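Asker: Pasting my_file_35.txt here (compact mmCIF, C-alpha atoms):
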# COMPACT_ATOMS: atom_id res chain seq x y z
CA MET A 1 4.89 -10.64 -15.83
CA LEU A 2 7.77 -8.21 -16.11
CA ILE A 3 6.54 -6.20 -13.13
CA ALA A 4 6.13 -9.39 -11.08
CA GLU A 5 9.72 -10.46 -11.81
CA PHE A 6 11.10 -7.04 -10.92
CA GLU A 7 9.08 -6.96 -7.69
CA ARG A 8 10.32 -10.43 -6.70
CA ALA A 9 13.87 -9.24 -7.32
CA VAL A 10 13.31 -6.21 -5.09
CA LEU A 11 11.91 -8.44 -2.32
CA ARG A 12 15.01 -10.66 -2.59
CA ASP A 13 17.22 -7.53 -2.30
CA GLU A 14 18.73 -8.17 -5.72
CA ASP A 15 20.35 -5.07 -7.17
CA ILE A 16 19.25 -4.73 -10.81
CA ALA A 17 20.46 -1.60 -12.58
CA GLY A 18 17.56 0.66 -13.50
CA SER A 19 14.91 -1.53 -11.85
CA GLU A 20 13.23 1.32 -9.99
CA LEU A 21 12.97 3.44 -13.14
CA VAL A 22 11.57 0.55 -15.17
CA LEU A 23 9.07 -0.31 -12.42
CA GLN A 24 7.87 3.29 -12.22
CA GLU A 25 7.22 3.41 -15.97
CA LEU A 26 5.50 0.02 -16.03
CA ARG A 27 3.26 0.94 -13.09
CA ARG A 28 2.36 4.25 -14.76
CA THR A 29 1.42 2.33 -17.92
CA ILE A 30 -0.81 -0.02 -15.94
CA ARG A 31 -2.55 2.90 -14.18
CA ALA A 32 -3.13 4.62 -17.52
CA ALA A 33 -4.66 1.44 -18.94
CA ALA A 34 -7.08 1.31 -15.96
CA GLN A 35 -7.08 -2.49 -16.05
CA PRO A 36 -6.70 -4.69 -12.95
CA VAL A 37 -3.40 -6.56 -13.07
CA PRO A 38 -2.17 -9.10 -10.47
CA ARG A 39 0.65 -7.53 -8.50
CA ILE A 40 3.12 -8.87 -5.96
CA GLY A 41 4.10 -5.47 -4.61
CA ASN A 42 6.02 -4.95 -1.38
CA ALA A 43 5.31 -3.81 2.16
CA ALA A 44 4.88 -0.16 1.15
CA ARG A 45 2.47 -0.99 -1.67
CA ARG A 46 0.41 -3.25 0.58
CA PHE A 47 0.39 -0.62 3.32
CA PHE A 48 -0.98 2.09 1.02
CA MET A 49 -3.46 -0.14 -0.85
CA PRO A 50 -6.55 1.16 1.05
CA LEU A 51 -5.65 4.66 -0.17
CA GLU A 52 -5.93 3.82 -3.87
CA PRO A 53 -9.43 5.37 -4.37
CA PHE A 54 -8.19 8.63 -2.85
CA LEU A 55 -4.89 9.03 -4.73
CA ILE A 56 -4.58 11.69 -7.40
CA GLU A 57 -1.94 12.45 -10.01
CA ALA A 58 -1.40 16.00 -8.84
CA ALA A 59 1.24 18.17 -7.22
CA ALA A 60 1.95 17.46 -3.57
CA ASP A 61 0.65 20.91 -2.56
CA HIS A 62 -2.87 20.33 -3.96
CA LYS A 63 -5.91 21.35 -1.87
CA ARG A 64 -8.47 18.68 -2.76
CA ILE A 65 -10.28 17.58 0.36
CA GLY A 66 -9.93 13.91 1.28
CA ARG A 67 -7.30 13.27 -1.38
CA LEU A 68 -3.61 12.35 -1.31
CA ALA A 69 -1.11 13.06 -4.07
CA ARG A 70 0.57 9.86 -5.22
CA VAL A 71 3.94 11.60 -5.15
CA SER A 72 3.51 12.12 -1.39
CA LEU A 73 3.42 8.41 -0.57
CA GLU A 74 7.15 7.81 -0.78
CA PRO A 75 8.17 10.58 1.67
CA ILE A 76 5.38 9.53 4.05
CA TRP A 77 6.58 5.90 3.96
CA GLU A 78 10.15 7.04 4.64
CA TRP A 79 8.93 9.14 7.58
CA ILE A 80 7.05 6.17 9.04
CA GLY A 81 10.14 3.96 8.85
CA ARG A 82 12.58 6.63 9.96
CA ASP A 83 10.79 8.74 12.60
CA LEU A 84 7.33 7.45 13.47
CA MET A 85 8.03 3.80 14.39
CA PRO A 86 11.39 2.69 12.93
CA ALA A 87 11.82 -0.64 14.72
CA GLU A 88 8.22 -1.81 14.26
CA ALA A 89 8.01 -0.67 10.66
CA ARG A 90 11.26 -2.40 9.74
CA ALA A 91 10.33 -5.69 11.46
CA LEU A 92 6.80 -5.83 10.04
CA SER A 93 7.99 -4.79 6.56
CA GLU A 94 10.49 -7.63 6.51
CA ASP A 95 7.78 -10.08 7.62
CA ILE A 96 5.45 -8.81 4.89
CA ASP A 97 8.14 -9.11 2.21
CA ARG A 98 8.92 -12.69 3.24
CA ALA A 99 5.23 -13.60 3.21
CA LEU A 100 4.85 -12.03 -0.24
CA LEU A 101 7.73 -14.08 -1.59
CA ALA A 102 6.18 -17.21 -0.11
CA GLU A 103 2.78 -16.13 -1.53
CA ASP A 104 1.23 -16.59 1.91
CA ARG A 105 -1.76 -14.28 1.47
CA VAL A 106 -3.22 -14.90 4.91
CA LYS A 107 0.00 -13.94 6.65
CA VAL A 108 0.43 -10.91 4.39
CA GLU A 109 -3.02 -9.64 5.37
CA GLN A 110 -2.33 -10.22 9.07
CA MET A 111 1.00 -8.41 8.98
CA VAL A 112 -0.36 -5.48 6.95
CA ARG A 113 -3.29 -5.12 9.35
CA ALA A 114 -0.88 -5.07 12.28
CA LEU A 115 1.20 -2.39 10.55
CA HIS A 116 -1.93 -0.34 9.87
CA ASP A 117 -3.08 -0.54 13.50
CA ARG A 118 0.33 0.53 14.85
CA ALA A 119 0.52 3.40 12.35
CA ILE A 120 -2.94 4.68 13.28
CA GLN A 121 -2.02 4.86 16.95
CA ARG A 122 1.36 6.48 16.38
CA ILE A 123 0.06 9.03 13.86
CA GLY A 124 -2.77 9.98 16.21
CA ALA A 125 -0.29 10.58 19.02
CA ALA A 126 2.04 12.57 16.75
CA ILE A 127 -0.77 14.82 15.53
CA ALA A 128 -2.11 15.35 19.06
CA ALA A 129 1.35 16.41 20.23
CA LEU A 130 1.41 19.24 17.70
CA ASP A 131 -1.67 20.92 19.18
CA SER A 132 -1.43 24.61 18.22
CA ASN A 133 2.37 24.82 18.43
CA GLU A 134 3.37 26.43 15.16
CA LYS A 135 7.06 25.66 15.65
CA ALA A 136 6.28 21.97 16.20
CA ARG A 137 4.09 21.93 13.05
CA ARG A 138 6.92 23.36 10.96
CA ARG A 139 9.34 20.78 12.34
CA PHE A 140 6.78 18.06 11.62
CA SER A 141 6.43 19.26 8.01
CA VAL A 142 10.19 19.05 7.52
CA GLN A 143 10.27 15.51 8.94
CA VAL A 144 7.43 14.24 6.75
CA GLY A 145 8.74 16.04 3.71
CA THR A 146 5.47 17.01 1.98
CA PRO A 147 3.98 20.52 1.59
CA ARG A 148 0.74 19.40 3.32
CA ALA A 149 2.35 17.20 5.96
CA VAL A 150 -0.28 17.50 8.70
CA GLU A 151 -3.19 17.18 6.28
CA ASP A 152 -1.56 14.25 4.46
CA VAL A 153 -0.86 12.09 7.49
CA THR A 154 -4.24 12.98 9.02
CA THR A 155 -5.93 11.83 5.81
CA LEU A 156 -3.87 8.64 5.93
CA MET A 157 -4.88 7.99 9.55
CA HIS A 158 -8.60 8.58 8.88
CA ILE A 159 -8.70 6.33 5.82
CA LEU A 160 -6.85 3.50 7.58
CA GLY A 161 -9.15 3.87 10.58
CA ILE A 162 -12.23 3.05 8.48
CA ARG A 163 -10.55 0.93 5.79
CA ASP A 164 -12.83 -2.08 6.37
CA VAL A 165 -16.01 -0.02 6.05
CA LEU A 166 -14.71 1.70 2.92
CA ALA A 167 -13.77 -1.67 1.42
CA GLU A 168 -17.27 -3.00 2.07
CA LEU A 169 -18.80 0.14 0.58
CA ALA A 170 -16.69 -0.23 -2.56
CA LEU A 171 -17.78 -3.85 -2.96
CA ARG A 172 -21.47 -3.01 -2.66
CA LEU A 173 -21.43 -0.10 -5.13
CA PRO A 174 -21.68 -0.51 -8.92
CA ASP A 175 -18.41 0.03 -10.77
CA HIS A 176 -19.91 2.97 -12.65
CA TYR A 177 -23.10 5.02 -12.69
CA ARG A 178 -23.91 6.04 -16.24
CA ALA A 179 -26.67 8.24 -14.82
CA PHE A 180 -27.18 9.07 -11.15
CA GLU A 181 -30.88 9.58 -10.66
CA ARG A 182 -33.13 9.91 -7.62
CA GLU A 183 -33.46 6.15 -7.06
CA HIS A 184 -29.68 5.71 -7.16
CA ALA A 185 -29.20 8.48 -4.60
CA ASP A 186 -31.75 6.80 -2.33
CA GLN A 187 -29.94 3.47 -2.65
CA VAL A 188 -26.56 5.01 -1.79
CA LYS A 189 -28.06 6.83 1.21
CA ALA A 190 -29.60 3.58 2.48
CA LEU A 191 -26.20 1.87 2.11
CA PHE A 192 -24.48 4.62 4.11
CA ASP A 193 -27.11 4.40 6.82
CA THR A 194 -26.60 0.64 7.06
CA LEU A 195 -22.82 0.89 7.25
CA HIS A 196 -23.02 3.62 9.85
CA ALA A 197 -25.36 1.56 11.99
CA GLN A 198 -22.88 -1.34 11.93
CA LYS A 199 -20.15 0.72 13.59
CA PRO A 200 -19.58 -0.02 17.31
CA PRO A 201 -21.23 2.64 19.50
CA GLN A 202 -17.92 3.82 20.93
CA HIS A 203 -16.66 4.64 17.43
CA ALA A 204 -19.88 5.85 15.81
CA GLN A 205 -19.52 9.52 16.71
CA SER A 206 -15.74 9.83 16.30
CA GLN A 207 -15.70 8.24 12.84
CA ARG A 208 -19.04 9.51 11.55
CA SER A 209 -17.63 12.46 9.63
CA GLU A 210 -14.77 10.36 8.19
CA LEU A 211 -17.21 7.74 6.90
CA PHE A 212 -19.31 10.33 5.06
CA LEU A 213 -16.33 12.26 3.67
CA TYR A 214 -14.28 9.36 2.36
CA GLY A 215 -17.28 7.19 1.56
CA LEU A 216 -18.78 9.92 -0.61
CA ILE A 217 -15.46 10.32 -2.42
CA VAL A 218 -15.62 6.59 -3.23
CA VAL A 219 -19.10 7.21 -4.67
CA ALA A 220 -17.93 10.30 -6.60
CA ASN A 221 -15.20 8.22 -8.27
CA ARG A 222 -17.93 6.09 -9.87
CA LEU A 223 -20.13 8.89 -11.16
CA ALA A 224 -20.10 10.13 -14.74
CA ALA A 225 -19.93 13.66 -13.28
CA SER A 226 -18.79 14.16 -9.67
CA TRP A 227 -21.14 17.12 -9.12
CA GLN A 228 -24.06 14.65 -9.14
CA LEU A 229 -22.94 13.73 -5.62
CA ILE A 230 -25.09 16.69 -4.52
CA ARG A 231 -28.20 14.62 -5.19
CA ILE A 232 -27.43 12.40 -2.21
CA ALA A 233 -27.39 15.48 0.03
CA THR A 234 -30.70 16.82 -1.29
CA ARG A 235 -32.34 13.40 -0.91
CA ALA A 236 -31.04 13.10 2.65
CA ALA A 237 -32.44 16.53 3.54
CA GLU A 238 -35.62 15.88 1.50
CA SER A 239 -35.22 19.44 0.31
CA ASP A 240 -33.10 21.66 -1.92
CA ASP A 241 -32.85 24.27 0.84
CA ALA A 242 -29.19 25.00 1.61
CA VAL A 243 -29.85 25.44 5.34
CA ARG A 244 -31.59 22.08 5.66
CA ILE A 245 -28.89 20.33 3.64
CA ALA A 246 -26.15 21.86 5.79
CA ALA A 247 -27.78 20.34 8.88
CA THR A 248 -27.29 16.76 7.60
CA PRO A 249 -24.06 14.70 7.62
CA TYR A 250 -24.36 14.50 3.83
CA ALA A 251 -23.57 18.23 3.60
CA VAL A 252 -19.96 17.21 3.04
CA ALA A 253 -21.04 16.15 -0.48
CA VAL A 254 -21.44 19.84 -1.34
CA THR A 255 -18.03 20.58 0.18
CA ILE A 256 -16.48 17.87 -1.98
CA VAL A 257 -18.10 19.22 -5.17
CA LEU A 258 -17.02 22.79 -4.45
CA GLY A 259 -13.50 21.55 -3.75
CA GLU A 260 -13.44 19.74 -7.09
CA LEU A 261 -14.68 22.90 -8.79
CA GLU A 262 -11.86 24.93 -7.27
CA TYR A 263 -9.37 22.30 -8.38
CA MET A 264 -10.71 22.48 -11.97
CA VAL A 265 -10.34 26.26 -11.88
CA GLY A 266 -6.68 25.80 -10.90
CA GLU A 267 -6.23 23.36 -13.77
CA LEU A 268 -7.89 25.85 -16.13
CA ARG A 269 -5.44 28.54 -15.09
CA SER A 270 -2.48 26.25 -15.77
CA GLU A 271 -3.79 25.06 -19.13
CA LEU A 272 -4.56 28.60 -20.31
CA LYS A 273 -1.08 29.69 -19.33
CA ALA A 274 0.41 26.78 -21.27
CA GLY A 275 -1.78 27.53 -24.31
CA ARG A 276 -3.42 24.09 -24.34
CA PRO A 277 -7.06 23.31 -25.26
CA VAL A 278 -9.47 23.65 -22.34
CA ALA A 279 -12.81 22.55 -23.83
CA SER A 280 -13.26 19.57 -21.50
CA LEU A 281 -12.28 21.60 -18.45
CA LEU A 282 -14.72 24.38 -19.31
CA LYS A 283 -17.49 21.85 -19.80
CA GLY A 284 -16.73 20.30 -16.41
CA ILE A 285 -16.74 23.69 -14.68
CA HIS A 286 -19.92 24.73 -16.47
CA ASP A 287 -21.77 21.50 -15.62
CA ALA A 288 -20.70 21.52 -11.97
CA SER A 289 -21.59 25.18 -11.51
CA ARG A 290 -24.97 24.73 -13.17
CA GLY A 291 -25.57 21.56 -11.16
CA MET A 292 -24.91 23.43 -7.92
CA ARG A 293 -27.32 26.21 -8.88
CA THR A 294 -30.11 23.92 -10.09
CA GLU A 295 -29.92 21.18 -7.47
CA ILE A 296 -29.60 23.49 -4.44
CA ASN A 297 -31.49 26.68 -3.61
CA LEU A 298 -28.59 29.07 -3.07
CA SER A 299 -30.70 32.21 -2.92
CA VAL A 300 -29.76 32.75 0.73
CA ASP A 301 -26.44 34.32 1.63
CA SER A 302 -24.73 31.08 2.63
CA ALA A 303 -21.06 30.10 2.68
CA TRP A 304 -21.73 27.80 -0.26
CA SER A 305 -23.29 30.53 -2.39
CA ARG A 306 -20.39 32.89 -1.64
CA GLN A 307 -17.85 30.19 -2.49
CA LEU A 308 -19.58 29.39 -5.78
CA ALA A 309 -19.81 33.09 -6.65
CA ALA A 310 -16.06 33.46 -6.02
CA ILE A 311 -15.36 30.47 -8.27
CA ARG A 312 -17.48 31.85 -11.13
CA SER A 313 -15.85 35.26 -10.75
CA ALA A 314 -12.37 33.73 -10.90
CA VAL A 315 -13.26 31.84 -14.09
CA ALA A 316 -14.74 34.96 -15.69
CA ASN A 317 -11.64 36.99 -14.88
CA MET A 318 -9.37 34.33 -16.38
CA LEU A 319 -11.39 34.02 -19.56
CA THR A 320 -11.94 37.75 -20.10
CA ALA A 321 -8.37 38.54 -21.12
CA GLU A 322 -8.16 35.46 -23.33
CA ILE A 323 -11.44 36.14 -25.12
CA GLU A 324 -11.07 39.88 -25.62
CA THR A 325 -7.58 39.63 -27.17
CA THR A 326 -8.42 36.76 -29.56
CA PRO A 327 -9.80 38.85 -32.50
CA GLY A 328 -6.66 41.00 -32.40
CA ARG A 329 -4.42 37.90 -32.44
CA VAL A 330 -6.27 36.57 -35.48
CA ARG A 331 -5.98 39.90 -37.31
CA ARG A 332 -2.22 40.08 -36.65
CA LEU A 333 -1.70 36.52 -37.88
CA LEU A 334 -3.77 36.82 -41.05
CA ARG A 335 -3.01 40.46 -41.90
CA PRO A 336 -2.20 40.81 -45.64
CA ARG A 337 1.46 41.87 -45.79
CA PRO A 338 2.98 43.99 -48.55
CA ALA A 339 5.47 42.00 -50.61
CA ASN A 340 8.41 44.02 -49.25
CA GLU A 341 7.64 42.77 -45.70
CA ILE A 342 7.82 39.09 -46.65
CA VAL A 343 11.14 37.25 -46.51
CA ALA A 344 11.56 35.01 -49.55
CA GLY A 345 10.41 31.44 -48.84
CA SER A 346 9.27 32.23 -45.28
CA LEU A 347 6.20 30.78 -43.55
CA LEU A 348 3.98 31.68 -40.62
CA ASP A 349 5.37 30.40 -37.32
CA ALA A 350 3.68 27.08 -36.54
CA ILE A 351 3.58 27.89 -32.82
CA ASP A 352 1.81 31.20 -33.48
CA VAL A 353 -0.75 29.42 -35.68
CA HIS A 354 -1.39 26.78 -33.02
CA GLU A 355 -1.80 29.39 -30.28
CA VAL A 356 -4.28 31.41 -32.35
CA GLU A 357 -6.22 28.28 -33.27
CA THR A 358 -6.42 27.32 -29.57
CA ARG A 359 -7.64 30.82 -28.69
CA VAL A 360 -10.35 30.69 -31.36
CA GLU A 361 -11.44 27.26 -30.09
CA LEU A 362 -11.70 28.79 -26.62
CA VAL A 363 -14.02 31.54 -27.88
CA ASP A 364 -16.13 28.98 -29.70
CA VAL A 365 -16.41 26.76 -26.62
CA CYS A 366 -17.28 29.72 -24.40
CA ARG A 367 -20.24 30.48 -26.67
CA HIS A 368 -21.90 27.30 -25.43
CA TYR A 369 -21.08 27.84 -21.75
CA ALA A 370 -21.02 31.65 -21.62
CA GLY A 371 -24.07 32.14 -19.41
CA GLU A 372 -22.92 29.94 -16.55
CA LEU A 373 -19.33 31.18 -16.82
CA ALA A 374 -20.45 34.85 -16.76
CA VAL A 375 -18.69 35.75 -20.03
CA GLY A 376 -21.71 35.95 -22.33
CA GLU A 377 -21.48 39.52 -23.60
CA MET A 378 -17.75 39.57 -24.29
CA THR A 379 -17.88 36.14 -25.95
CA LEU A 380 -20.62 37.22 -28.36
CA ARG A 381 -18.72 40.40 -29.16
CA ALA A 382 -15.46 38.56 -29.82
CA TYR A 383 -17.19 35.91 -31.92
CA SER A 384 -18.93 38.57 -33.99
CA GLU A 385 -15.61 40.33 -34.64
CA LEU A 386 -14.06 37.03 -35.70
CA THR A 387 -16.82 36.12 -38.15
CA GLN A 388 -16.85 39.58 -39.75
CA TYR A 389 -13.07 39.67 -40.15
CA LEU A 390 -12.83 36.12 -41.53
CA GLU A 391 -15.63 36.67 -44.06
CA THR A 392 -13.79 39.63 -45.61
CA GLY A 393 -10.20 38.78 -44.74
CA THR A 394 -10.14 35.37 -46.39
CA ARG A 395 -11.12 36.89 -49.75
CA ILE A 396 -8.20 39.30 -49.49
CA LEU A 397 -5.83 36.43 -48.65
CA LEU A 398 -7.05 34.43 -51.65
CA ASP A 399 -6.49 37.42 -53.97
CA ALA A 400 -3.00 37.90 -52.54
CA LEU A 401 -2.21 34.22 -53.12
CA ARG A 402 -3.54 34.40 -56.69
CA HIS A 403 -1.23 37.30 -57.58
CA ALA A 404 1.76 36.24 -55.45
CA GLU A 405 5.27 36.07 -56.90
CA ASP A 406 7.39 32.95 -56.39
CA ALA A 407 9.33 34.39 -53.43
CA GLU A 408 6.28 35.38 -51.41
CA ARG A 409 3.96 32.51 -52.41
CA PRO A 410 4.93 30.12 -49.52
CA PHE A 411 4.08 32.78 -46.95
CA ARG A 412 0.78 33.65 -48.66
CA GLN A 413 -0.09 29.95 -48.79
CA SER A 414 0.72 29.50 -45.09
CA GLN A 415 -1.62 32.38 -44.24
CA VAL A 416 -4.44 30.81 -46.25
CA ASP A 417 -3.79 27.43 -44.59
CA ALA A 418 -3.98 29.11 -41.17
CA ALA A 419 -7.25 30.81 -42.20
CA VAL A 420 -8.67 27.42 -43.20
CA ARG A 421 -7.86 26.02 -39.74
CA VAL A 422 -9.45 28.99 -37.99
CA CYS A 423 -12.53 28.89 -40.23
CA ARG A 424 -12.99 25.20 -39.49
CA THR A 425 -13.54 26.15 -35.83
CA VAL A 426 -15.70 29.23 -36.48
CA PHE A 427 -17.80 28.17 -39.49
CA GLY A 428 -17.43 24.39 -39.58
CA ALA A 429 -15.74 21.77 -41.73
CA GLY A 430 -17.93 22.47 -44.79
CA TYR A 431 -16.91 26.12 -45.01
CA ALA A 432 -13.27 25.25 -44.37
CA GLY A 433 -13.36 22.67 -47.16
CA LEU A 434 -14.72 25.22 -49.64
CA LEU A 435 -12.06 27.71 -48.59
CA ALA A 436 -9.33 25.09 -49.08
CA LYS A 437 -10.62 24.35 -52.60
CA ALA A 438 -10.71 28.07 -53.38
CA ALA A 439 -7.08 28.28 -52.20
CA ASP A 440 -6.11 25.46 -54.58
CA VAL A 441 -7.84 27.25 -57.47
CA ALA A 442 -6.07 30.52 -56.56
CA ALA A 443 -2.68 28.78 -56.46
CA GLN A 444 -3.29 27.10 -59.82
CA GLY A 445 -4.49 30.37 -61.34
CA ALA A 446 -1.30 32.05 -60.22
CA ALA A 447 0.75 29.33 -61.93
CA VAL A 448 -1.20 29.76 -65.20
CA ASP A 449 -0.81 33.55 -65.12
CA ARG A 450 2.97 33.25 -64.74
CA LYS A 451 3.55 30.90 -67.70
CA PRO A 452 3.04 33.50 -70.49
CA ALA A 453 5.28 35.92 -68.70
CA ARG A 454 8.13 33.40 -68.63
CA ALA A 455 7.51 32.51 -72.28
Could you render the structure as structure tokens?
Answerer:
Amino acid sequence: MLIAEFERAVLRDEDIAGSELVLQELRRTIRAAAQPVPRIGNAARRFFMPLEPFLIEAAADHKRIGRLARVSLEPIWEWIGRDLMPAEARALSEDIDRALLAEDRVKVEQMVRALHDRAIQRIGAAIAALDSNEKARRRFSVQVGTPRAVEDVTTLMHILGIRDVLAELALRLPDHYRAFEREHADQVKALFDTLHAQKPPQHAQSQRSELFLYGLIVVANRLAASWQLIRIATRAAESDDAVRIAATPYAVAVTIVLGELEYMVGELRSELKAGRPVASLLKGIHDASRGMRTEINLSVDSAWSRQLAAIRSAVANMLTAEIETTPGRVRRLLRPRPANEIVAGSLLDAIDVHEVETRVELVDVCRHYAGELAVGEMTLRAYSELTQYLETGTRILLDALRHAEDAERPFRQSQVDAAVRVCRTVFGAGYAGLLAKAADVAAQGAAVDRKPARA
């Protein structure tokens, strides 16, 4: 209701302080909730509505095929109204806003369709004029204002050109595939064949590749794991042979999956650099890589096999440094210090503890996915070092806590607490619970030992 009132105010050109900021936050909340909510919107929102299945919350310079970054929509809309077709865009936008205020849905749809059709024609002409002129492409990028200007507006043009077919496809697909088996792949292929046959002959060839690319992305959005999209390609080729699959229009499914894999690798790099947990990302990369290798025969030296090998190599290189240095990080954190090195009342740095715990979780996760990620040997070696050190090191920490003086006891306790957290990852909650109880006993024993001395 709040969004609706703000949007009506915007359509009436009422200037409400902070309205844009509030609307942005409310819209982000609605997207996060993933629940359909009635919206009034405005001309820009209605114009970009067919793009919703292809929008991603990513940086504008992403490289995911067939996708648009949500942050790129505003500069593209400004370019359309400023440079591409200023008079038409302004007139149609005003008509759309008036129809929205009047809640005239039929007129809104007619005006939006007219705006789409004009934009498709003008974008096509603008792209064609660029040809191979590098200077013109740079000027075009500055005008549009996004890092992937040519790719972004081309994606926009292609999606709008087949928006009706994509809308029909979305209506005829289930909202979600819990499992995507052979019969589901056959059903989706039959649906694509039907939709393709309905296209007018003069458009069939020119829009064939767009239908398969963007249509398969719509399907991928509804899969539990996007790599399962490959199964449509293997069913279409009636073979797992890479050469036969590449000869079908469904080969773009493999391109989409490999693109998603590369995107996940980029996300993994960012998360590792930020020191955040990456278990879900590693599982996604592992499953997609294994799916590629099991669903398709990549024994031949194909472009797909080389691309997948490069992806696996990049992941292995990223993980190697993280895994190999983890035992050393744990030893430095939990090293028993002499009393003269401990500042009275000090504790372990909470950030250092969190970073070490995240590293140990990474090693533990990699144990389960090591084979596919090509880090098996180093993961086993690092895990073995961790278990051996923790089995002996925790006893030393407990003894140090038991005999600690008042000034050093907080630091000794913080080391034992950190060891409990690490052991929970390596040995499980049961072992960590026993260690925590042993730490309590050690602390109590230290208190008992000190009473006679004070007396």
Asker: So what do you get for CA of Ala247 in chain A versus CA of Arg64 in chain A, distance-wise?
Answerer: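 A separation of 22.6 Å between them.
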Asker: Find the residue from A:Lys107, A:Arg163, A:Arg335, A:Arg381 that sits nearest to Pro53 in chain A; use all atoms listed in the file when measuring.
Answerer: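 Comparing A:Lys107, A:Arg163, A:Arg335, A:Arg381 against Pro53 in chain A, the winner is A:Arg163.
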Asker: Can you pull out the residues contacting Asp61 in chain A? Cut-off 9 Å, using all atoms listed in the file, and skip same-chain residues under 2 positions away; I want them as a ChimeraX atom specification.
Answerer: /A:58-59,63,69,146-148
Asker: Please provide the set of residues having any atom within 8 Å of Glu357 in chain A, restricted to all atoms listed in the file, with same-chain residues fewer than 4 positions apart removed, written as a ChimeraX atom specification.
Answerer: /A:353,361,421-422
Asker: Against range 209-225 of chain A, which residues of range 283-330 of chain A fall within 12 Å? For each one I want the closest pair of atoms and the distance in Å (one decimal), counting only C-alpha atoms, rows by chain and increasing residue number, as JSON lines.
Answerer:
{"residue": "A:Lys283", "atom": "CA", "partner": "A:Ala225", "partner_atom": "CA", "distance": 10.7}
{"residue": "A:Gly284", "atom": "CA", "partner": "A:Ala225", "partner_atom": "CA", "distance": 8.0}
{"residue": "A:Ile285", "atom": "CA", "partner": "A:Ala225", "partner_atom": "CA", "distance": 10.6}
{"residue": "A:His286", "atom": "CA", "partner": "A:Ala225", "partner_atom": "CA", "distance": 11.5}
{"residue": "A:Asp287", "atom": "CA", "partner": "A:Ala225", "partner_atom": "CA", "distance": 8.4}
{"residue": "A:Ala288", "atom": "CA", "partner": "A:Ala225", "partner_atom": "CA", "distance": 8.0}
{"residue": "A:Ser289", "atom": "CA", "partner": "A:Ala225", "partner_atom": "CA", "distance": 11.8}
{"residue": "A:Gly291", "atom": "CA", "partner": "A:Ala225", "partner_atom": "CA", "distance": 9.9}
Asker: Selection from above, C-alpha atoms, as a PDB file, keeping the file's coordinate frame, can you write it?
Answerer:
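The file below, out.pdb, is the result:
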ATOM      1  CA  LYS A 283     -17.490  21.850 -19.800  1.00  0.00           C
ATOM      2  CA  GLY A 284     -16.730  20.300 -16.410  1.00  0.00           C
ATOM      3  CA  ILE A 285     -16.740  23.690 -14.680  1.00  0.00           C
ATOM      4  CA  HIS A 286     -19.920  24.730 -16.470  1.00  0.00           C
ATOM      5  CA  ASP A 287     -21.770  21.500 -15.620  1.00  0.00           C
ATOM      6  CA  ALA A 288     -20.700  21.520 -11.970  1.00  0.00           C
ATOM      7  CA  SER A 289     -21.590  25.180 -11.510  1.00  0.00           C
ATOM      8  CA  GLY A 291     -25.570  21.560 -11.160  1.00  0.00           C
TER       9      GLY A 291
END
Asker: For CA of Leu171 in chain A and CA of Asp152 in chain A, quote the distance in Å rounded to one decimal.
Answerer: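 These two atoms are separated by 25.4 Å.
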Asker: Just the number, please: distance in Å from CA of Val426 in chain A to CA of Gly345 in chain A, one decimal.
Answerer: 29.0 Å
Asker: Go through A:Ala339, A:Ile232, A:Val375, A:Leu191 one by one, measure the shortest atom-to-atom distance of each to His403 in chain A using all atoms listed in the file, and give the residue with the smallest value.
Answerer: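 Counting all atoms listed in the file, the residue closest to His403 in chain A is A:Ala339.
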Asker: As an mmCIF file, keeping the file's coordinate frame, please: range 331-338 of chain A completed to N, CA and C atoms.
Answerer:
data_model
loop_
_atom_site.group_PDB
_atom_site.id
_atom_site.type_symbol
_atom_site.label_atom_id
_atom_site.label_comp_id
_atom_site.auth_asym_id
_atom_site.auth_seq_id
_atom_site.Cartn_x
_atom_site.Cartn_y
_atom_site.Cartn_z
ATOM 1 N N ARG A 331 -6.266 38.852 -36.307
ATOM 2 C CA ARG A 331 -5.980 39.900 -37.310
ATOM 3 C C ARG A 331 -4.473 40.024 -37.544
ATOM 4 N N ARG A 332 -3.674 39.967 -36.482
ATOM 5 C CA ARG A 332 -2.220 40.080 -36.650
ATOM 6 C C ARG A 332 -1.657 38.898 -37.435
ATOM 7 N N LEU A 333 -2.209 37.714 -37.198
ATOM 8 C CA LEU A 333 -1.700 36.520 -37.880
ATOM 9 C C LEU A 333 -2.049 36.525 -39.361
ATOM 10 N N LEU A 334 -3.278 36.918 -39.679
ATOM 11 C CA LEU A 334 -3.770 36.820 -41.050
ATOM 12 C C LEU A 334 -3.707 38.145 -41.813
ATOM 13 N N ARG A 335 -3.085 39.156 -41.246
ATOM 14 C CA ARG A 335 -3.010 40.460 -41.900
ATOM 15 C C ARG A 335 -2.277 40.344 -43.242
ATOM 16 N N PRO A 336 -2.884 40.850 -44.335
ATOM 17 C CA PRO A 336 -2.200 40.810 -45.640
ATOM 18 C C PRO A 336 -0.962 41.710 -45.607
ATOM 19 N N ARG A 337 0.210 41.099 -45.807
ATOM 20 C CA ARG A 337 1.460 41.870 -45.790
ATOM 21 C C ARG A 337 1.810 42.365 -47.186
ATOM 22 N N PRO A 338 2.405 43.555 -47.261
ATOM 23 C CA PRO A 338 2.980 43.990 -48.550
ATOM 24 C C PRO A 338 4.142 43.059 -48.906
#
